[in-house]
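Have a look at my_file.cif; it's mmCIF, C-alpha atoms; chains and numbers go by the auth columns:
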```cif
data_entry
#
loop_
_atom_site.group_PDB
_atom_site.id
_atom_site.type_symbol
_atom_site.label_atom_id
_atom_site.label_comp_id
_atom_site.label_asym_id
_atom_site.label_seq_id
_atom_site.Cartn_x
_atom_site.Cartn_y
_atom_site.Cartn_z
_atom_site.B_iso_or_equiv
_atom_site.auth_seq_id
_atom_site.auth_asym_id
ATOM 1 C CA MET A 1 10.035 86.462 14.351 0.00 263 A
ATOM 2 C CA VAL A 2 13.783 87.087 14.401 0.00 264 A
ATOM 3 C CA ILE A 3 13.963 85.814 17.979 0.00 265 A
ATOM 4 C CA THR A 4 12.081 82.620 17.081 0.00 266 A
ATOM 5 C CA VAL A 5 14.368 81.887 14.140 0.00 267 A
ATOM 6 C CA GLY A 6 17.425 82.603 16.305 0.00 268 A
ATOM 7 C CA LEU A 7 16.257 80.248 19.080 0.00 269 A
ATOM 8 C CA LEU A 8 15.470 77.538 16.555 0.00 270 A
ATOM 9 C CA GLY A 9 18.966 77.871 15.082 0.00 271 A
ATOM 10 C CA PHE A 10 20.548 77.810 18.551 0.00 272 A
ATOM 11 C CA PHE A 11 18.739 74.600 19.644 0.00 273 A
ATOM 12 C CA SER A 12 19.425 72.927 16.292 0.00 274 A
ATOM 13 C CA THR A 13 23.134 73.682 16.669 0.00 275 A
ATOM 14 C CA LEU A 14 23.137 72.236 20.221 0.00 276 A
ATOM 15 C CA ILE A 15 21.483 69.028 19.032 0.00 277 A
ATOM 16 C CA LEU A 16 23.885 68.606 16.116 0.00 278 A
ATOM 17 C CA LEU A 17 27.018 69.254 18.213 0.00 279 A
ATOM 18 C CA ASN A 18 26.123 66.863 21.046 0.00 280 A
ATOM 19 C CA ASP A 19 27.152 63.205 20.854 0.00 281 A
ATOM 20 C CA PRO A 20 24.356 60.731 20.276 0.00 282 A
ATOM 21 C CA PRO A 21 23.113 58.900 23.363 0.00 283 A
ATOM 22 C CA THR A 22 25.014 55.754 24.366 0.00 284 A
ATOM 23 C CA ASN A 23 23.464 52.307 24.703 0.00 285 A
ATOM 24 C CA SER A 24 23.169 52.696 28.460 0.00 286 A
ATOM 25 C CA ASP A 25 21.054 55.807 27.906 0.00 287 A
ATOM 26 C CA LEU A 26 18.753 53.817 25.627 0.00 288 A
ATOM 27 C CA ASP A 27 18.509 50.658 27.712 0.00 289 A
ATOM 28 C CA VAL A 28 14.861 50.194 26.853 0.00 290 A
ATOM 29 C CA THR A 29 14.479 47.378 24.322 0.00 291 A
ATOM 30 C CA PRO A 30 11.045 47.079 22.789 0.00 292 A
ATOM 31 C CA PRO A 31 9.500 43.688 23.619 0.00 293 A
ATOM 32 C CA ILE A 32 9.069 42.870 19.937 0.00 294 A
ATOM 33 C CA PHE A 33 12.871 42.559 19.579 0.00 295 A
ATOM 34 C CA GLU A 34 13.151 40.224 22.545 0.00 296 A
ATOM 35 C CA ILE A 35 11.184 37.465 20.827 0.00 297 A
ATOM 36 C CA ASN A 36 13.334 34.496 20.032 0.00 298 A
ATOM 37 C CA SER A 37 14.135 34.927 16.349 0.00 299 A
ATOM 38 C CA ALA A 38 14.348 31.169 15.901 0.00 300 A
ATOM 39 C CA LYS A 39 10.636 30.968 16.667 0.00 301 A
ATOM 40 C CA ILE A 40 9.836 33.595 14.075 0.00 302 A
ATOM 41 C CA PHE A 41 11.701 31.865 11.294 0.00 303 A
ATOM 42 C CA GLN A 42 10.831 28.263 12.036 0.00 304 A
ATOM 43 C CA ALA A 43 9.744 26.817 8.747 0.00 305 A
ATOM 44 C CA THR A 44 7.691 23.729 8.318 0.00 306 A
ATOM 45 C CA GLN A 45 8.669 21.489 5.466 0.00 307 A
ATOM 46 C CA ARG A 46 6.162 21.191 2.665 0.00 308 A
ATOM 47 C CA GLY A 47 6.320 18.758 -0.156 0.00 309 A
ATOM 48 C CA ILE A 48 6.431 20.113 -3.665 0.00 310 A
ATOM 49 C CA ALA A 49 3.649 18.752 -5.818 0.00 311 A
ATOM 50 C CA SER A 50 5.954 17.671 -8.622 0.00 312 A
ATOM 51 C CA THR A 51 8.383 15.679 -6.480 0.00 313 A
ATOM 52 C CA ASP A 52 8.063 12.084 -5.387 0.00 314 A
ATOM 53 C CA THR A 53 6.410 11.796 -2.008 0.00 315 A
ATOM 54 C CA PRO A 54 5.661 8.734 0.030 0.00 316 A
ATOM 55 C CA SER A 55 2.158 7.374 -0.116 0.00 317 A
ATOM 56 C CA VAL A 56 -0.063 9.289 2.269 0.00 318 A
ATOM 57 C CA PRO A 57 -3.707 8.735 3.174 0.00 319 A
ATOM 58 C CA ASN A 58 -4.997 11.747 1.248 0.00 320 A
ATOM 59 C CA THR A 59 -3.229 10.741 -1.988 0.00 321 A
ATOM 60 C CA ILE A 60 -4.808 8.376 -4.517 0.00 322 A
ATOM 61 C CA GLU A 61 -2.416 6.485 -6.767 0.00 323 A
ATOM 62 C CA ILE A 62 -3.972 5.310 -10.041 0.00 324 A
ATOM 63 C CA PRO A 63 -1.921 2.686 -11.926 0.00 325 A
ATOM 64 C CA CYS A 64 -2.252 1.964 -15.652 0.00 326 A
ATOM 65 C CA GLY A 65 -5.150 -0.328 -16.418 0.00 327 A
ATOM 66 C CA ALA A 66 -7.095 0.742 -13.340 0.00 328 A
ATOM 67 C CA GLN A 67 -10.824 0.824 -13.922 0.00 329 A
ATOM 68 C CA ASP A 68 -13.247 3.296 -12.409 0.00 330 A
ATOM 69 C CA PHE A 69 -13.376 2.891 -8.645 0.00 331 A
ATOM 70 C CA SER A 70 -14.647 4.558 -5.506 0.00 332 A
ATOM 71 C CA LEU A 71 -13.356 5.138 -2.007 0.00 333 A
ATOM 72 C CA GLU A 72 -14.371 6.801 1.225 0.00 334 A
ATOM 73 C CA THR A 73 -12.407 9.399 3.150 0.00 335 A
ATOM 74 C CA ALA A 74 -12.717 12.001 5.880 0.00 336 A
ATOM 75 C CA PHE A 75 -10.215 14.349 4.216 0.00 337 A
ATOM 76 C CA THR A 76 -11.450 17.642 2.770 0.00 338 A
ATOM 77 C CA ARG A 77 -8.855 17.516 -0.028 0.00 339 A
ATOM 78 C CA MET A 78 -7.203 14.730 -2.042 0.00 340 A
ATOM 79 C CA ARG A 79 -4.242 14.539 -4.411 0.00 341 A
ATOM 80 C CA ILE A 80 -4.239 12.177 -7.391 0.00 342 A
ATOM 81 C CA LYS A 81 -1.053 10.576 -8.713 0.00 343 A
ATOM 82 C CA GLY A 82 -0.716 8.209 -11.630 0.00 344 A
ATOM 83 C CA GLU A 83 0.885 7.305 -14.909 0.00 345 A
ATOM 84 C CA ASN A 84 0.270 8.443 -18.455 0.00 346 A
ATOM 85 C CA CYS A 85 -0.946 5.205 -19.981 0.00 347 A
ATOM 86 C CA VAL A 86 -2.200 6.724 -23.234 0.00 348 A
ATOM 87 C CA SER A 87 1.052 7.545 -25.038 0.00 349 A
ATOM 88 C CA LYS A 88 4.698 8.386 -24.482 0.00 350 A
ATOM 89 C CA ASN A 89 3.936 11.836 -25.849 0.00 351 A
ATOM 90 C CA SER A 90 2.816 14.449 -23.362 0.00 352 A
ATOM 91 C CA PRO A 91 -0.965 14.273 -23.224 0.00 353 A
ATOM 92 C CA THR A 92 -3.330 17.060 -22.388 0.00 354 A
ATOM 93 C CA THR A 93 -4.662 16.098 -18.981 0.00 355 A
ATOM 94 C CA GLU A 94 -7.780 17.450 -17.327 0.00 356 A
ATOM 95 C CA ILE A 95 -8.821 16.331 -13.882 0.00 357 A
ATOM 96 C CA LYS A 96 -12.052 17.819 -12.616 0.00 358 A
ATOM 97 C CA ASN A 97 -14.275 17.342 -9.586 0.00 359 A
ATOM 98 C CA VAL A 98 -17.619 17.401 -11.398 0.00 360 A
ATOM 99 C CA SER A 99 -19.474 17.695 -8.077 0.00 361 A
ATOM 100 C CA ASN A 100 -18.120 21.165 -7.282 0.00 362 A
ATOM 101 C CA GLY A 101 -16.500 22.248 -10.571 0.00 363 A
ATOM 102 C CA TYR A 102 -12.938 22.271 -9.209 0.00 364 A
ATOM 103 C CA VAL A 103 -10.385 21.775 -12.002 0.00 365 A
ATOM 104 C CA ALA A 104 -7.096 20.420 -10.642 0.00 366 A
ATOM 105 C CA THR A 105 -3.686 21.666 -11.653 0.00 367 A
ATOM 106 C CA VAL A 106 -1.813 18.722 -13.193 0.00 368 A
ATOM 107 C CA PHE A 107 1.980 18.431 -12.988 0.00 369 A
ATOM 108 C CA HIS A 108 3.568 16.110 -15.571 0.00 370 A
ATOM 109 C CA LYS A 109 6.902 14.473 -14.830 0.00 371 A
ATOM 110 C CA LYS A 110 9.643 13.255 -17.154 0.00 372 A
ATOM 111 C CA ASP A 111 8.847 9.594 -16.483 0.00 373 A
ATOM 112 C CA TYR A 112 5.346 10.020 -17.976 0.00 374 A
ATOM 113 C CA SER A 113 3.674 10.192 -14.601 0.00 375 A
ATOM 114 C CA PHE A 114 1.611 13.005 -13.150 0.00 376 A
ATOM 115 C CA THR A 115 0.399 14.432 -9.873 0.00 377 A
ATOM 116 C CA THR A 116 -2.200 17.062 -9.051 0.00 378 A
ATOM 117 C CA ASP A 117 -2.568 19.782 -6.508 0.00 379 A
ATOM 118 C CA TYR A 118 -5.014 19.036 -3.693 0.00 380 A
ATOM 119 C CA ILE A 119 -8.540 18.691 -5.036 0.00 381 A
ATOM 120 C CA ASN A 120 -11.259 20.181 -2.842 0.00 382 A
ATOM 121 C CA LEU A 121 -13.970 17.718 -1.869 0.00 383 A
ATOM 122 C CA ASN A 122 -17.583 18.333 -0.950 0.00 384 A
ATOM 123 C CA GLU A 123 -19.228 16.355 1.805 0.00 385 A
ATOM 124 C CA GLY A 124 -20.831 13.291 0.318 0.00 386 A
ATOM 125 C CA ARG A 125 -20.290 12.055 -3.244 0.00 387 A
ATOM 126 C CA ASN A 126 -17.532 13.603 -5.382 0.00 388 A
ATOM 127 C CA GLU A 127 -17.163 12.471 -8.987 0.00 389 A
ATOM 128 C CA ILE A 128 -13.619 13.066 -10.251 0.00 390 A
ATOM 129 C CA ASN A 129 -13.165 12.773 -14.031 0.00 391 A
ATOM 130 C CA LEU A 130 -9.692 12.145 -15.454 0.00 392 A
ATOM 131 C CA LEU A 131 -9.393 12.889 -19.166 0.00 393 A
ATOM 132 C CA PHE A 132 -6.198 12.256 -21.139 0.00 394 A
ATOM 133 C CA GLU A 133 -5.796 13.316 -24.780 0.00 395 A
ATOM 134 C CA THR A 134 -2.647 12.879 -26.877 0.00 396 A
ATOM 135 C CA PRO A 135 -1.570 15.205 -29.688 0.00 397 A
ATOM 136 C CA GLU A 136 -2.692 12.432 -32.077 0.00 398 A
ATOM 137 C CA GLY A 137 -6.257 12.652 -30.712 0.00 399 A
ATOM 138 C CA VAL A 138 -6.245 9.429 -28.662 0.00 400 A
ATOM 139 C CA THR A 139 -8.330 9.889 -25.519 0.00 401 A
ATOM 140 C CA SER A 140 -8.756 7.958 -22.316 0.00 402 A
ATOM 141 C CA GLN A 141 -11.152 8.727 -19.506 0.00 403 A
ATOM 142 C CA ARG A 142 -11.506 7.356 -15.999 0.00 404 A
ATOM 143 C CA THR A 143 -13.789 8.238 -13.140 0.00 405 A
ATOM 144 C CA VAL A 144 -13.038 8.111 -9.448 0.00 406 A
ATOM 145 C CA ILE A 145 -15.861 8.444 -6.931 0.00 407 A
ATOM 146 C CA ILE A 146 -14.769 9.795 -3.548 0.00 408 A
ATOM 147 C CA ASN A 147 -17.328 9.760 -0.761 0.00 409 A
ATOM 148 C CA ARG A 148 -16.323 12.262 1.893 0.00 410 A
ATOM 149 C CA ALA A 149 -17.735 11.648 5.337 0.00 411 A
ATOM 150 C CA PRO A 150 -19.495 14.651 6.875 0.00 412 A
ATOM 151 C CA ALA A 151 -17.634 16.643 9.493 0.00 413 A
ATOM 152 C CA SER A 152 -18.441 15.408 12.948 0.00 414 A
ATOM 153 C CA ALA A 153 -19.096 17.728 15.869 0.00 415 A
ATOM 154 C CA SER A 154 -16.841 15.486 17.956 0.00 416 A
ATOM 155 C CA GLU A 155 -13.821 16.629 15.890 0.00 417 A
ATOM 156 C CA PHE A 156 -14.123 20.107 17.342 0.00 418 A
ATOM 157 C CA LYS A 157 -14.235 19.140 21.015 0.00 419 A
ATOM 158 C CA ASN A 158 -11.289 20.142 23.186 0.00 420 A
#
```

Translate the structure described by the file into structure tokens.
Amino acid sequence: MVITVGLLGFFSTLILLNDPPTNSDLDVTPPIFEINSAKIFQATQRGIASTDTPSVPNTIEIPCGAQDFSLETAFTRMRIKGENCVSKNSPTTEIKNVSNGYVATVFHKKDYSFTTDYINLNEGRNEINLLFETPEGVTSQRTVIINRAPASASEFKN
């Protein structure tokens, strides 16, 4: 036992007194560190839901006075943008896809407009209800029907 403890102390002292290995001694760089760091940190720009974005095909803009309407799309998700036409006070806004129960998150802006997150769409008919209610109790409701085309097998061909 005494010999084992003595040898352990001797080798520990040798390790502590020796200089650490130089870079040339450790010239093996793991491949993970050779990856171009620019590729790792490339970020794609994403629009923020509450900022103004240009009109894109999967965004519906609903102006004041617009009646119920329908449209067709191949997109699996849609964003709704519009104006608060009920009152200059901040209304309670609920936007719901009745067909699948999805309730959208609504972002109100200072200029009395709003935008939603992307609303998931089922294949076929999607009934989107927009309900606005002011603190005074004034309500306004609109309905948008979005018919989503079924996914085609040709979309998945290489």

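Taking atom CA of Asp379 of chain A and atom CA of Glu398 of chain A as endpoints, the distance between them is 26.6 Å.
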
Of A:Val406, A:Asn388, A:Lys358, A:Pro353, the one nearest to Ala328 of chain A when counting all atoms listed in the file is A:Val406

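Nearest residue to Phe331 of chain A, choosing from A:Thr377, A:Asn384, A:Ser361, A:Thr405 and counting all atoms listed in the file: A:Thr405.
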
Among the residues A:Ser349, A:Thr355, A:Thr335, A:Thr275, the one that comes closest to Ile407 of chain A [using only C-alpha atoms]
A:Thr335

Please evaluate the PyMOL selection byres ((chain A and resi 362-368) around 12) against the displayed coordinates and give the resulting residues as a PyMOL selection string.
chain A and resi 311-312+339-346+352-361+369-371+375-394

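For the atom pair formed by atom CA of Glu323 of chain A and atom CA of Ala413 of chain A, the distance is 24.5 Å, given to one decimal.
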
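Atom pair atom CA of Pro412 of chain A / atom CA of Ser332 of chain A: separated by 16.7 Å.
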
Ranking A:Ile324, A:Ile408, A:Val400, A:Ile265 by minimum distance to Asn351 of chain A and counting all atoms listed in the file, which one comes first?
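That would be A:Val400, the residue with the smallest distance to Asn351 of chain A.
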
Have a look at A:Pro325, A:Lys350, A:Leu270, A:Met263 and name the one nearest to Thr396 of chain A; count only C-alpha atoms.
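Using only C-alpha atoms, the shortest distance to Thr396 of chain A belongs to A:Lys350.
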
Requested file, segment 332-355 of chain A restricted to N, CA and C atoms, as a JSON list (two decimals), in the first residue's frame:
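Output saved as decode_23.json:
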```json
[["chain", "number", "residue", "atom", "x", "y", "z"],
["A", 332, "SER", "N", -64.46, 34.97, -50.11],
["A", 332, "SER", "CA", -63.76, 33.70, -50.11],
["A", 332, "SER", "C", -62.62, 33.76, -51.12],
["A", 333, "LEU", "N", -61.66, 32.88, -50.93],
["A", 333, "LEU", "CA", -60.54, 32.79, -51.85],
["A", 333, "LEU", "C", -60.00, 31.38, -51.83],
["A", 334, "GLU", "N", -59.18, 31.07, -52.82],
["A", 334, "GLU", "CA", -58.57, 29.75, -52.91],
["A", 334, "GLU", "C", -57.06, 29.90, -52.81],
["A", 335, "THR", "N", -56.42, 28.92, -52.20],
["A", 335, "THR", "CA", -54.97, 28.96, -52.03],
["A", 335, "THR", "C", -54.42, 27.55, -51.96],
["A", 336, "ALA", "N", -53.11, 27.44, -52.16],
["A", 336, "ALA", "CA", -52.42, 26.17, -51.97],
["A", 336, "ALA", "C", -51.58, 26.18, -50.71],
["A", 337, "PHE", "N", -51.52, 27.36, -50.04],
["A", 337, "PHE", "CA", -50.72, 27.50, -48.83],
["A", 337, "PHE", "C", -51.36, 26.74, -47.67],
["A", 338, "THR", "N", -50.52, 26.23, -46.78],
["A", 338, "THR", "CA", -51.01, 25.51, -45.59],
["A", 338, "THR", "C", -51.28, 26.47, -44.44],
["A", 339, "ARG", "N", -50.79, 27.70, -44.54],
["A", 339, "ARG", "CA", -50.99, 28.71, -43.50],
["A", 339, "ARG", "C", -51.22, 30.06, -44.16],
["A", 340, "MET", "N", -52.01, 30.91, -43.51],
["A", 340, "MET", "CA", -52.29, 32.26, -44.01],
["A", 340, "MET", "C", -52.20, 33.24, -42.85],
["A", 341, "ARG", "N", -51.81, 34.47, -43.18],
["A", 341, "ARG", "CA", -51.79, 35.57, -42.21],
["A", 341, "ARG", "C", -52.86, 36.57, -42.63],
["A", 342, "ILE", "N", -53.56, 37.13, -41.66],
["A", 342, "ILE", "CA", -54.59, 38.13, -41.96],
["A", 342, "ILE", "C", -54.14, 39.47, -41.41],
["A", 343, "LYS", "N", -54.24, 40.50, -42.26],
["A", 343, "LYS", "CA", -53.93, 41.87, -41.86],
["A", 343, "LYS", "C", -55.15, 42.72, -42.15],
["A", 344, "GLY", "N", -55.34, 43.77, -41.37],
["A", 344, "GLY", "CA", -56.47, 44.65, -41.62],
["A", 344, "GLY", "C", -56.47, 45.84, -40.70],
["A", 345, "GLU", "N", -57.59, 46.54, -40.71],
["A", 345, "GLU", "CA", -57.74, 47.74, -39.91],
["A", 345, "GLU", "C", -58.87, 47.55, -38.90],
["A", 346, "ASN", "N", -58.74, 48.24, -37.78],
["A", 346, "ASN", "CA", -59.80, 48.27, -36.78],
["A", 346, "ASN", "C", -60.82, 49.29, -37.25],
["A", 347, "CYS", "N", -61.91, 48.86, -37.77],
["A", 347, "CYS", "CA", -62.93, 49.75, -38.30],
["A", 347, "CYS", "C", -64.05, 50.00, -37.31],
["A", 348, "VAL", "N", -64.00, 49.39, -36.15],
["A", 348, "VAL", "CA", -65.07, 49.49, -35.17],
["A", 348, "VAL", "C", -64.97, 50.77, -34.36],
["A", 349, "SER", "N", -63.78, 51.09, -33.87],
["A", 349, "SER", "CA", -63.61, 52.22, -32.97],
["A", 349, "SER", "C", -62.14, 52.59, -32.90],
["A", 350, "LYS", "N", -61.85, 53.79, -32.45],
["A", 350, "LYS", "CA", -60.46, 54.19, -32.27],
["A", 350, "LYS", "C", -59.90, 53.68, -30.94],
["A", 351, "ASN", "N", -60.76, 53.10, -30.13],
["A", 351, "ASN", "CA", -60.31, 52.43, -28.91],
["A", 351, "ASN", "C", -59.84, 51.04, -29.28],
["A", 352, "SER", "N", -58.95, 50.49, -28.49],
["A", 352, "SER", "CA", -58.45, 49.15, -28.78],
["A", 352, "SER", "C", -59.55, 48.12, -28.57],
["A", 353, "PRO", "N", -59.95, 47.45, -29.64],
["A", 353, "PRO", "CA", -60.99, 46.43, -29.47],
["A", 353, "PRO", "C", -60.39, 45.11, -29.02],
["A", 354, "THR", "N", -61.25, 44.26, -28.50],
["A", 354, "THR", "CA", -60.89, 42.88, -28.27],
["A", 354, "THR", "C", -61.09, 42.19, -29.61],
["A", 355, "THR", "N", -60.08, 41.52, -30.09],
["A", 355, "THR", "CA", -60.15, 40.90, -31.41],
["A", 355, "THR", "C", -59.94, 39.41, -31.27]]
```
